[in-house]
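**Student:** CSV, C-alpha atoms, saved as run22.csv, coming up:
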```csv
chain,number,residue,atom,x,y,z
A,1,MET,CA,99.2,80.3,19.2
A,2,GLN,CA,100.7,76.9,19.1
A,3,LYS,CA,102.3,75.6,16.1
A,4,GLU,CA,100.9,72.4,14.6
A,5,GLN,CA,102.9,69.3,15.0
A,6,PRO,CA,104.2,68.0,11.7
A,7,SER,CA,102.6,64.8,10.8
A,8,ILE,CA,104.1,61.9,8.9
A,9,PHE,CA,101.9,62.8,6.0
A,10,ASP,CA,103.1,66.4,5.5
A,11,ARG,CA,103.4,68.0,2.1
A,12,ASP,CA,107.0,66.8,1.4
A,13,PHE,CA,106.0,63.2,2.1
A,14,ILE,CA,103.1,63.4,-0.3
A,15,GLN,CA,105.3,65.0,-3.0
A,16,GLU,CA,107.8,62.1,-2.7
A,17,THR,CA,105.1,59.5,-3.3
A,18,LEU,CA,103.7,61.0,-6.5
A,19,ILE,CA,104.7,59.2,-9.7
A,20,ARG,CA,106.2,61.4,-12.4
A,21,ARG,CA,104.7,60.9,-15.8
A,22,ARG,CA,108.2,60.4,-17.2
A,23,GLN,CA,108.6,57.3,-15.1
A,24,LEU,CA,105.6,55.8,-17.0
A,25,MET,CA,107.5,56.0,-20.3
A,26,PRO,CA,109.4,52.9,-21.4
A,27,LEU,CA,113.0,53.4,-22.5
A,28,ALA,CA,112.1,52.9,-26.2
A,29,LEU,CA,109.5,55.7,-26.0
A,30,LYS,CA,112.1,58.0,-24.3
A,31,ILE,CA,114.5,57.3,-27.2
A,32,TYR,CA,111.7,57.9,-29.8
A,33,VAL,CA,110.8,61.2,-28.0
A,34,TRP,CA,114.4,62.5,-28.1
A,35,PHE,CA,114.8,61.3,-31.7
A,36,PHE,CA,111.7,62.9,-32.9
A,37,MET,CA,112.5,66.1,-31.0
A,38,LEU,CA,115.9,66.4,-32.7
A,39,LEU,CA,114.7,65.3,-36.1
A,40,PRO,CA,113.0,68.7,-37.1
A,41,PHE,CA,116.4,70.5,-37.0
A,42,LEU,CA,117.8,68.0,-39.4
A,43,SER,CA,114.7,68.3,-41.6
A,44,TRP,CA,115.0,72.1,-41.7
A,45,ALA,CA,118.7,71.9,-42.4
A,46,SER,CA,118.2,69.5,-45.3
A,47,ARG,CA,115.3,71.4,-46.8
A,48,SER,CA,117.3,74.7,-46.6
A,49,TYR,CA,120.3,73.0,-48.3
A,50,PHE,CA,118.0,71.6,-51.0
A,51,TYR,CA,116.3,75.0,-51.5
A,52,PHE,CA,119.5,77.0,-51.7
A,53,ASN,CA,121.3,74.5,-54.0
A,54,HIS,CA,118.4,73.8,-56.3
A,55,LYS,CA,116.9,77.3,-56.8
A,56,ILE,CA,113.3,76.2,-57.4
A,57,SER,CA,110.7,78.9,-57.7
A,58,PHE,CA,107.0,78.4,-57.3
A,59,ASN,CA,104.5,80.6,-59.0
A,60,ILE,CA,101.3,81.3,-57.1
A,61,SER,CA,99.2,80.1,-60.1
A,62,SER,CA,101.1,76.7,-60.2
A,63,ILE,CA,100.5,75.8,-56.5
A,64,LYS,CA,98.8,72.4,-56.4
A,65,GLY,CA,98.0,69.9,-53.7
A,66,LEU,CA,101.5,68.3,-53.7
A,67,VAL,CA,103.2,71.7,-53.3
A,68,LEU,CA,101.0,72.6,-50.4
A,69,VAL,CA,101.5,69.3,-48.7
A,70,THR,CA,105.2,69.6,-49.2
A,71,ALA,CA,105.3,73.1,-47.8
A,72,PHE,CA,103.2,71.9,-44.8
A,73,GLY,CA,105.4,68.9,-44.3
A,74,SER,CA,108.6,70.9,-44.7
A,75,LEU,CA,107.8,73.8,-42.3
A,76,LEU,CA,104.9,73.2,-40.0
A,77,LEU,CA,105.0,69.5,-39.3
A,78,PRO,CA,108.6,69.5,-38.0
A,79,ALA,CA,107.7,72.4,-35.7
A,80,LEU,CA,104.6,70.6,-34.4
A,81,ARG,CA,106.7,67.4,-34.1
A,82,PHE,CA,109.3,69.2,-32.0
A,83,LEU,CA,106.7,70.9,-29.8
A,84,SER,CA,104.7,67.7,-29.2
A,85,ASN,CA,107.8,65.8,-28.0
A,86,LEU,CA,109.0,68.8,-25.9
A,87,PHE,CA,105.6,68.8,-24.2
A,88,ILE,CA,106.0,65.1,-23.5
A,89,LEU,CA,109.3,65.8,-21.8
A,90,LEU,CA,107.7,68.6,-19.8
A,91,GLU,CA,105.1,66.1,-18.7
A,92,LYS,CA,102.0,68.0,-19.8
A,93,LYS,CA,98.8,66.1,-19.3
A,94,TRP,CA,97.6,66.7,-22.9
A,95,ALA,CA,101.0,66.1,-24.5
A,96,ILE,CA,100.3,62.4,-25.5
A,97,LEU,CA,97.0,63.4,-27.3
A,98,PHE,CA,98.8,66.2,-29.1
A,99,ALA,CA,101.7,63.9,-30.1
A,100,LEU,CA,99.1,61.3,-31.4
A,101,ILE,CA,97.5,63.9,-33.5
A,102,VAL,CA,100.8,65.3,-34.9
A,103,THR,CA,102.1,61.8,-35.6
A,104,THR,CA,98.9,60.8,-37.4
A,105,LEU,CA,99.1,64.0,-39.5
A,106,ASP,CA,102.7,63.3,-40.3
A,107,MET,CA,102.0,59.8,-41.4
A,108,LEU,CA,99.1,61.0,-43.6
A,109,SER,CA,101.3,63.6,-45.1
A,110,TRP,CA,104.0,61.0,-45.9
A,111,CYS,CA,101.4,58.7,-47.5
A,112,TYR,CA,99.9,61.5,-49.6
A,113,SER,CA,103.3,62.7,-50.8
A,114,SER,CA,104.5,59.1,-51.5
A,115,VAL,CA,101.4,58.3,-53.6
A,116,ASN,CA,101.7,61.5,-55.6
A,117,LEU,CA,105.4,60.9,-56.2
A,118,PHE,CA,104.7,57.3,-57.2
A,119,TYR,CA,102.2,58.6,-59.8
A,120,LEU,CA,104.4,61.5,-60.9
A,121,LEU,CA,107.6,59.6,-61.4
A,122,LYS,CA,105.9,56.5,-63.0
A,123,THR,CA,109.1,54.5,-62.6
A,124,GLY,CA,107.6,51.8,-60.5
A,125,PHE,CA,108.6,50.9,-57.0
A,126,ASN,CA,111.5,53.4,-56.6
A,127,SER,CA,113.7,54.5,-53.7
A,128,VAL,CA,111.4,57.3,-52.7
A,129,VAL,CA,108.5,54.9,-52.0
A,130,ILE,CA,110.8,52.5,-50.2
A,131,PHE,CA,112.1,55.3,-48.0
A,132,SER,CA,108.6,56.4,-47.3
A,133,LEU,CA,107.5,52.9,-46.3
A,134,CYS,CA,110.6,52.5,-44.0
A,135,TRP,CA,109.7,55.9,-42.4
A,136,LEU,CA,106.1,54.7,-41.8
A,137,VAL,CA,107.4,51.5,-40.3
A,138,LEU,CA,109.6,53.6,-38.0
A,139,GLU,CA,106.6,55.7,-36.8
A,140,ILE,CA,104.1,52.9,-36.2
A,141,PRO,CA,105.8,51.6,-32.9
A,142,TYR,CA,106.0,55.2,-31.7
A,143,LEU,CA,102.3,55.6,-32.3
A,144,ILE,CA,101.5,52.3,-30.6
A,145,MET,CA,103.6,53.2,-27.5
A,146,LEU,CA,101.8,56.5,-27.3
A,147,LEU,CA,98.4,54.8,-27.4
A,148,LYS,CA,99.4,52.4,-24.7
A,149,ILE,CA,100.7,55.0,-22.3
A,150,LYS,CA,97.8,57.6,-23.0
A,151,ARG,CA,95.4,56.4,-20.3
A,152,ASP,CA,98.0,56.1,-17.5
A,153,TRP,CA,99.5,59.4,-18.5
A,154,GLU,CA,96.2,61.3,-18.2
A,155,LYS,CA,95.3,59.6,-14.9
A,156,THR,CA,98.6,60.6,-13.2
A,157,PRO,CA,98.1,63.8,-11.2
A,158,GLU,CA,100.1,66.9,-11.9
A,159,LYS,CA,103.0,67.4,-9.6
A,160,GLU,CA,102.7,70.7,-7.7
A,161,LEU,CA,105.5,73.1,-8.3
A,162,MET,CA,106.9,74.7,-5.2
```
Could you render the structure from this file as C-alpha coordinates?
**Tutor:**
Amino acid sequence: MQKEQPSIFDRDFIQETLIRRRQLMPLALKIYVWFFMLLPFLSWASRSYFYFNHKISFNISSIKGLVLVTAFGSLLLPALRFLSNLFILLEKKWAILFALIVTTLDMLSWCYSSVNLFYLLKTGFNSVVIFSLCWLVLEIPYLIMLLKIKRDWEKTPEKELM
(Lines of atoms letter the chains of each structure in order from A and count residues from 1; the text may use other names and numbers.)
(Lines give C-alpha, C1' and ligand atoms only; values in the text may rest on other atoms or scores of the structure.)
Protein backbone atom coordinates (compact mmCIF):
# COMPACT_ATOMS: atom_id res chain seq x y z
CA MET A 1 0.00 0.00 0.00
CA GLN A 2 1.13 3.47 -0.77
CA LYS A 3 1.17 6.18 1.82
CA GLU A 4 -0.86 9.24 1.04
CA GLN A 5 1.02 12.36 0.21
CA PRO A 6 0.59 14.98 2.90
CA SER A 7 -1.35 17.92 1.60
CA ILE A 8 -0.98 21.53 2.51
CA PHE A 9 -4.27 21.25 4.41
CA ASP A 10 -3.30 18.48 6.77
CA ARG A 11 -4.51 18.34 10.36
CA ASP A 12 -1.69 20.48 11.80
CA PHE A 13 -2.40 23.27 9.35
CA ILE A 14 -6.08 23.32 10.24
CA GLN A 15 -5.27 23.35 13.96
CA GLU A 16 -3.06 26.40 13.50
CA THR A 17 -5.82 28.36 11.77
CA LEU A 18 -8.42 27.84 14.48
CA ILE A 19 -9.05 30.85 16.71
CA ARG A 20 -8.86 30.22 20.41
CA ARG A 21 -11.74 31.58 22.41
CA ARG A 22 -9.32 33.31 24.75
CA GLN A 23 -8.16 35.45 21.82
CA LEU A 24 -11.70 36.83 21.52
CA MET A 25 -11.51 38.28 25.02
CA PRO A 26 -10.42 41.91 25.36
CA LEU A 27 -7.74 42.67 27.94
CA ALA A 28 -10.24 44.25 30.33
CA LEU A 29 -12.31 41.06 30.35
CA LYS A 30 -9.22 38.95 31.03
CA ILE A 31 -8.42 41.19 34.01
CA TYR A 32 -12.01 40.90 35.27
CA VAL A 33 -11.91 37.11 34.89
CA TRP A 34 -8.71 36.80 36.93
CA PHE A 35 -9.99 39.30 39.51
CA PHE A 36 -13.32 37.52 39.95
CA MET A 37 -11.53 34.16 40.03
CA LEU A 38 -9.28 35.21 42.93
CA LEU A 39 -11.94 37.20 44.80
CA PRO A 40 -13.77 34.17 46.31
CA PHE A 41 -10.67 33.25 48.30
CA LEU A 42 -10.59 36.74 49.83
CA SER A 43 -14.32 36.51 50.48
CA TRP A 44 -14.02 33.19 52.28
CA ALA A 45 -11.05 34.45 54.30
CA SER A 46 -12.89 37.60 55.39
CA ARG A 47 -16.06 35.68 56.27
CA SER A 48 -14.03 33.16 58.27
CA TYR A 49 -12.26 35.98 60.12
CA PHE A 50 -15.60 37.65 60.87
CA TYR A 51 -17.17 34.40 62.05
CA PHE A 52 -14.33 33.41 64.38
CA ASN A 53 -13.87 36.88 65.85
CA HIS A 54 -17.55 37.76 66.29
CA LYS A 55 -19.01 34.45 67.56
CA ILE A 56 -22.50 34.83 66.14
CA SER A 57 -24.81 31.88 66.52
CA PHE A 58 -27.97 31.38 64.53
CA ASN A 59 -30.93 29.44 65.84
CA ILE A 60 -32.83 27.40 63.29
CA SER A 61 -36.06 29.11 64.37
CA SER A 62 -34.58 32.58 63.76
CA ILE A 63 -33.48 31.97 60.16
CA LYS A 64 -35.07 34.60 57.97
CA GLY A 65 -34.62 35.72 54.39
CA LEU A 66 -31.63 37.94 55.09
CA VAL A 67 -29.74 35.17 56.89
CA LEU A 68 -30.41 32.71 54.04
CA VAL A 69 -29.29 35.22 51.41
CA THR A 70 -26.21 36.02 53.48
CA ALA A 71 -25.33 32.33 53.81
CA PHE A 72 -25.95 31.81 50.09
CA GLY A 73 -23.88 34.87 49.25
CA SER A 74 -21.11 33.88 51.65
CA LEU A 75 -20.58 30.28 50.65
CA LEU A 76 -22.19 29.26 47.40
CA LEU A 77 -21.90 32.38 45.26
CA PRO A 78 -18.13 32.73 45.68
CA ALA A 79 -17.73 29.07 44.69
CA LEU A 80 -19.94 29.58 41.63
CA ARG A 81 -18.07 32.79 40.79
CA PHE A 82 -14.73 30.94 40.92
CA LEU A 83 -16.02 28.08 38.77
CA SER A 84 -17.60 30.33 36.16
CA ASN A 85 -14.35 32.25 35.64
CA LEU A 86 -12.29 29.05 35.67
CA PHE A 87 -14.50 27.65 32.90
CA ILE A 88 -13.97 30.85 30.90
CA LEU A 89 -10.22 30.39 31.19
CA LEU A 90 -10.63 26.75 30.16
CA GLU A 91 -12.57 28.02 27.10
CA LYS A 92 -15.73 25.97 27.61
CA LYS A 93 -18.48 26.77 25.14
CA TRP A 94 -21.13 27.28 27.83
CA ALA A 95 -18.87 29.23 30.20
CA ILE A 96 -20.09 32.69 29.17
CA LEU A 97 -23.73 31.77 29.74
CA PHE A 98 -22.83 30.26 33.11
CA ALA A 99 -20.87 33.40 34.06
CA LEU A 100 -23.79 35.62 33.02
CA ILE A 101 -26.16 33.65 35.25
CA VAL A 102 -23.77 33.68 38.21
CA THR A 103 -23.06 37.40 37.83
CA THR A 104 -26.78 38.18 37.66
CA LEU A 105 -27.42 36.09 40.78
CA ASP A 106 -24.58 37.85 42.55
CA MET A 107 -25.92 41.28 41.61
CA LEU A 108 -29.43 40.35 42.77
CA SER A 109 -28.03 39.03 46.05
CA TRP A 110 -26.11 42.27 46.61
CA CYS A 111 -29.21 44.33 45.87
CA TYR A 112 -31.41 42.27 48.20
CA SER A 113 -28.88 42.38 51.03
CA SER A 114 -28.30 46.10 50.57
CA VAL A 115 -32.00 46.93 50.64
CA ASN A 116 -32.50 44.82 53.77
CA LEU A 117 -29.50 46.43 55.49
CA PHE A 118 -30.78 49.85 54.49
CA TYR A 119 -34.11 49.13 56.20
CA LEU A 120 -32.57 47.35 59.21
CA LEU A 121 -30.03 50.03 60.05
CA LYS A 122 -32.34 52.97 59.33
CA THR A 123 -29.41 55.37 59.43
CA GLY A 124 -29.89 56.74 55.97
CA PHE A 125 -27.39 56.45 53.16
CA ASN A 126 -24.56 54.73 55.04
CA SER A 127 -21.25 53.19 54.02
CA VAL A 128 -22.75 49.71 53.50
CA VAL A 129 -25.10 51.02 50.82
CA ILE A 130 -22.33 53.08 49.22
CA PHE A 131 -20.05 50.01 49.13
CA SER A 132 -22.84 47.95 47.57
CA LEU A 133 -23.45 50.55 44.89
CA CYS A 134 -19.72 50.71 44.10
CA TRP A 135 -19.63 46.92 43.86
CA LEU A 136 -22.56 46.92 41.43
CA VAL A 137 -20.88 49.62 39.35
CA LEU A 138 -17.81 47.36 39.20
CA GLU A 139 -19.84 44.37 38.01
CA ILE A 140 -21.86 46.12 35.30
CA PRO A 141 -18.94 46.47 32.81
CA TYR A 142 -18.08 42.79 33.37
CA LEU A 143 -21.67 41.84 32.58
CA ILE A 144 -21.70 44.01 29.45
CA MET A 145 -18.40 42.52 28.18
CA LEU A 146 -19.76 39.02 28.72
CA LEU A 147 -22.89 39.89 26.76
CA LYS A 148 -20.83 41.34 23.89
CA ILE A 149 -18.56 38.32 23.57
CA LYS A 150 -21.27 35.64 24.05
CA ARG A 151 -22.27 35.20 20.40
CA ASP A 152 -18.71 34.99 19.03
CA TRP A 153 -17.67 32.73 21.90
CA GLU A 154 -20.39 30.20 21.15
CA LYS A 155 -19.74 30.28 17.38
CA THR A 156 -16.04 29.51 17.73
CA PRO A 157 -15.46 25.77 17.25
CA GLU A 158 -13.83 23.68 19.94
CA LYS A 159 -10.16 23.00 19.45
CA GLU A 160 -9.45 19.31 19.21
CA LEU A 161 -7.15 17.96 21.85
CA MET A 162 -4.48 15.67 20.50
**Student:** Give one line per residue of segment 78-152 of chain A that approaches segment 28-37 of chain A to at most 9 Å, naming the two atoms of the closest pair and their distance in Å to one decimal, counting only C-alpha atoms; sort by chain then ascending residue number and deliver it as a tab-separated table.
**Tutor:**
```
residue	atom	partner	partner_atom	distance
A:Pro78	CA	A:Met37	CA	8.7
A:Arg81	CA	A:Met37	CA	6.7
A:Phe82	CA	A:Met37	CA	4.6
A:Leu83	CA	A:Met37	CA	7.6
A:Ser84	CA	A:Met37	CA	8.2
A:Asn85	CA	A:Val33	CA	5.5
A:Leu86	CA	A:Met37	CA	6.7
A:Ile88	CA	A:Val33	CA	7.6
A:Leu89	CA	A:Val33	CA	7.9
A:Glu139	CA	A:Tyr32	CA	8.9
A:Pro141	CA	A:Leu29	CA	8.8
A:Tyr142	CA	A:Tyr32	CA	6.6
A:Met145	CA	A:Leu29	CA	6.6
A:Leu146	CA	A:Leu29	CA	7.8
```
**Student:** Give me, as number ranges by chain, all polymer residues having an atom no more than 9 Å from Leu105 of chain A, counting only C-alpha atoms and skipping those fewer than 5 positions away in the same chain.
**Tutor:** A: 77, 100, 110
**Student:** Excluding same-chain residues fewer than 2 positions from Ile96 of chain A, what lies within 9 Å of it counting only C-alpha atoms, as a list of chain:residue names?
**Tutor:** A:Ser84, A:Asn85, A:Phe87, A:Ile88, A:Lys92, A:Lys93, A:Trp94, A:Phe98, A:Ala99, A:Leu100, A:Ile101, A:Leu146, A:Leu147, A:Ile149, A:Lys150, A:Trp153, A:Glu154
**Student:** Contacts of Asp152 of chain A at 9 Å or less, counting only C-alpha atoms, minus same-chain residues fewer than 3 places along, as JSON, numbers by chain?
**Tutor:** {"A": [21, 24, 148, 149, 155, 156]}
**Student:** What does the structure give for the distance between atom CA of Val137 of chain A and atom CA of Ser46 of chain A, in Å to one decimal?
**Tutor:**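 Between atom CA of Val137 of chain A and atom CA of Ser46 of chain A the gap is 21.6 Å.
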**Student:** Could you pull the residues within 10 Å of segment 129-134 of chain A, counting all atoms listed in the file, minus those fewer than 2 positions along the same chain, as a PyMOL selection string?
**Tutor:** chain A and resi 107+110-111+113-115+117-118+124-127+136-139
**Student:** What's the separation between atom CA of Pro157 of chain A and atom CA of Val102 of chain A, in Å to one decimal place?
**Tutor:** 23.9 Å
**Student:** Which is closer to Val128 of chain A than all the others in A:Ser109, A:Asn116, A:Gln23, A:Ser74, using all atoms listed in the file?
**Tutor:**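 Going through A:Ser109, A:Asn116, A:Gln23, A:Ser74 one by one, the smallest distance to Val128 of chain A is for A:Asn116.
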**Student:** Just the number, please: distance in Å from atom CA of Arg151 of chain A to atom CA of Leu80 of chain A, one decimal.
**Tutor:**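 Between atom CA of Arg151 of chain A and atom CA of Leu80 of chain A the gap is 22.0 Å.
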**Student:** Looking at only C-alpha atoms, which of A:Trp44, A:Leu143, A:Met25, A:Tyr49 is the one that sits closest to Thr103 of chain A?
**Tutor:**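 Among A:Trp44, A:Leu143, A:Met25, A:Tyr49, it is A:Leu143 that comes nearest to Thr103 of chain A.
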